[in-house]
Structures are given as structure tokens and as C-alpha cells.
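> First, the structure itself, so that you have it in front of you.
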Amino acid sequence: MQPATVYLPKMGEEGVVVSMRFPASKPQLKLLSLVDVLEPLSAEELEELATRCPDIRLDEGQEFYQSQEHVGGLFLIKEGRVLIYKLTSLGRRLTLALHGTGTALTARRLQGLHARALEPSILTFMRREELKYFVRRKPEMGLYLMDLLAEHLRLMDARMSDVIHKEVPARLASLILWLLSEEGIVVGRDYFIPKRYTHEQLGTMIGANRAAISRAFGRLQDEEVVELRRRRIHVRNLELLQRVADQER
């Protein structure tokens, strides 16, 4: 799949960006208002941002980061989920982060890495010039960006610590807890993750192969900690899952 391209629509073509000639629609502004780092901006400023910054529409599996084009900018995830990963010297994919609707991603963090959509997604890209313009107008936005970077570093440190200090079942339990906090749904006493993940995808997130993930799932299911229903992860015992996640080598 080719990297996504962003261009202004020409006569007779269907563009993939919001034209600067027209005001942004209410649904577009609603999606932008959900992005965490944009919380300090007013409705008028969000509308200005929408008209100045183009949308990138991605198909599932489509890569979007281009080092020269996106240097110093900021991706805003309006809809969907994106995966950040690196390739090891053996060609294996190691997932470093997973970001969903309402989050922001600095292009500088993607240098030397790969970024692709896990599902059909819509991103807004702020070039460095636009980013500086809005931070100068609303300095609070700069503080939100600092918090964002600090949180990304914290999660990265936690992920690396898990790989070093924990066996695969504990790493998998930690990952399930994290996915539950990010996108989980609670119905009565049922905790579950609505998105379907393959064993291979989960393995790339915790540095384990598919067979090891299958064995870890088998253990967690035997101990009645989790169960798989239609390829969705359901948590049967949240307290026990936390206990497994805390186990070190």
C-alpha cells in the first residue's frame, strides 16, 4: 500500500482534504474538539484550524508518515486507530504504540519508524508553521503538548520494562489492562475490548511470537482470568488480571 498523499483538489477531481474556501462542517469541528491537545482552543479557533490544516483519509493498512513532508508537524487523529512500529534487524515488526480517536501524534516521534492505519481513519495534519501559529495564540496548547510527550515517554518506559522484567503471560495481562483502559467497554459486570486483535498483532505489541501468545492466552483462560468470544477479549476477573500483570521474572 502506498503512503497517503495530501493535495488540494483540482477541477474535476475528488480531493482528500477540507478545502480552505469553505467553512468546516459541525461534525468535523466536533471531531477536532475531541482531540486532547486542542482543548484550549475556542470554537472559532477550531474552525480556523480546520480550514488551514488538511485532512488525510486512510484505508486500513495504509502508511501515512513521510519524513520529509511531515517534519516538525503534528498529526491529529479524528477517527480510527493508527499503529506505530519499527522493524528489527531480522525484519520482525515490533509495535511501539497504538493511538486512537482524539489523540495527537508528533511527527518528530515518528522519525525512523513506520505508521499505518489499523482501520479506515481520518487524520488532520498541522504543519510546523500552523502548530507555531496556534501555540503562540494559545500558550496553554503548548502545555498540553508537553503533557502529551511526557505521557508517551511514560508508556514507552513501561512497555520496555515489561519486556525486560516480565514473562509473556504477565506482559499479555499488562497489555489487556492497557487496552481495557484505552478502549474497553463495561456492560454490567462484563469488561471487554470491542476491537478484534489477532495473536500476531498482540505479539508485536509485547515482543512475543504468535505461539507464545497462544500459550499465554491458554493459561489466562484456564485460570478463568479472561476468555475469547468471537475473537474479542473479555475479562472475567479484573483483580486477578492485575495480579498476573504485576508478576515479574
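Here, A, B, ... name the chains of the C-alpha cells in the order displayed, residue numbers run from 1 inside each chain, and ligands are numbered from 1 in the same displayed order.
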Please provide the set of residues having any atom within 8 Å of A:Glu183, restricted to only C-alpha atoms, with same-chain residues fewer than 2 positions apart removed, written as a list in words.
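Those residues are Leu179, Leu180, Ser181, Ile185, Ile193 and Pro194 of chain A.
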> Can you pull out the residues contacting A:Ser214? Cut-off 9 Å, using only C-alpha atoms, and skip same-chain residues under 5 positions away; I want them as an MDAnalysis selection string.
chainID A and resid 199 209 219
> Do you have, as a Markdown table, the list of residues of stretch 127-208 of chain A lying at most 10 Å from stretch 223-227 of chain A, each with its nearest atom pair and that distance in Å to one decimal, counting only C-alpha atoms and ordered by chain then number?

```
| residue | atom | partner | partner_atom | distance |
| --- | --- | --- | --- | --- |
| A:Ala173 | CA | A:Val225 | CA | 9.2 |
| A:Ile176 | CA | A:Val226 | CA | 9.4 |
| A:Tyr191 | CA | A:Val226 | CA | 9.6 |
| A:Phe192 | CA | A:Val226 | CA | 9.2 |
```
> Can you write just those residues out, N, CA and C atoms, as a PDB file, in the first residue's frame?

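Heads up, here's the output in selection36.pdb:
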```
ATOM      1  N   ALA A 173      -1.087  -9.784  30.118  1.00  0.00           N
ATOM      2  CA  ALA A 173      -2.051  -9.245  31.081  1.00  0.00           C
ATOM      3  C   ALA A 173      -1.932  -7.727  31.175  1.00  0.00           C
ATOM      4  N   ILE A 176      -3.542  -6.227  28.073  1.00  0.00           N
ATOM      5  CA  ILE A 176      -5.002  -6.284  28.127  1.00  0.00           C
ATOM      6  C   ILE A 176      -5.542  -5.189  29.040  1.00  0.00           C
ATOM      7  N   TYR A 191     -16.433  -6.846  31.354  1.00  0.00           N
ATOM      8  CA  TYR A 191     -15.424  -5.945  30.810  1.00  0.00           C
ATOM      9  C   TYR A 191     -14.886  -6.578  29.525  1.00  0.00           C
ATOM     10  N   PHE A 192     -14.930  -5.829  28.424  1.00  0.00           N
ATOM     11  CA  PHE A 192     -14.388  -6.413  27.196  1.00  0.00           C
ATOM     12  C   PHE A 192     -13.821  -5.335  26.281  1.00  0.00           C
TER      13      PHE A 192
END
```
> What are the nearest atom pairs, with distances in Å to one decimal, for all residues of stretch 105-194 of chain A that come at most 12 Å from stretch 22-45 of chain A, using only C-alpha atoms, set out by chain and rising residue number as CSV?

```
residue,atom,partner,partner_atom,distance
A:Leu105,CA,A:Val37,CA,9.9
A:Thr106,CA,A:Val37,CA,11.2
A:Ile122,CA,A:Leu31,CA,9.9
A:Leu123,CA,A:Leu32,CA,9.8
A:Thr124,CA,A:Leu32,CA,8.6
A:Phe125,CA,A:Leu32,CA,11.5
A:Met126,CA,A:Leu38,CA,11.7
A:Glu130,CA,A:Glu45,CA,11.9
A:Leu131,CA,A:Leu38,CA,10.9
A:Tyr133,CA,A:Glu45,CA,11.1
A:Phe134,CA,A:Glu45,CA,8.4
A:Val135,CA,A:Leu41,CA,9.8
A:Arg136,CA,A:Leu41,CA,11.7
A:Arg137,CA,A:Leu41,CA,9.2
A:Lys138,CA,A:Pro40,CA,7.0
A:Pro139,CA,A:Pro40,CA,8.8
A:Glu140,CA,A:Pro40,CA,6.3
A:Met141,CA,A:Pro40,CA,6.0
A:Gly142,CA,A:Val37,CA,8.3
A:Leu143,CA,A:Val37,CA,8.6
A:Tyr144,CA,A:Val37,CA,5.2
A:Leu145,CA,A:Val37,CA,6.2
A:Met146,CA,A:Val37,CA,9.5
A:Asp147,CA,A:Val37,CA,8.9
A:Leu148,CA,A:Val37,CA,7.7
A:Leu149,CA,A:Val37,CA,10.8
```
> Would you mind listing what lies within 7 Å of A:Gly100 as a ChimeraX atom specification, with only C-alpha atoms counted and same-chain residues fewer than 3 positions away left out?
/A:77,80-82,103
> For the structure I just gave you, how does DSSP split stretch 138-236 of chain A - specifically, which residues are helix (DSSP H, G or I)? Reply as a VMD selection string.
chain A and resid 139 to 165 168 to 183 199 to 206 210 to 222
> Can you work out which one of A:Arg109, A:Arg215, A:Arg93, A:His114 has the shortest atom-to-atom distance to A:Met156, counting only C-alpha atoms?
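Using only C-alpha atoms, A:Met156 sits closest to A:Arg109.
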> Of the candidates A:Thr95, A:Arg249, A:Ile213, A:Arg196, which one gets nearest to A:Arg229 if we count only C-alpha atoms?
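Using only C-alpha atoms, A:Arg229 sits closest to A:Arg196.
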> Rounded to one decimal place, report the atom CA of A:Pro169-atom CA of A:Arg210 distance in Å.
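Straight-line distance from atom CA of A:Pro169 to atom CA of A:Arg210 works out to 12.6 Å.
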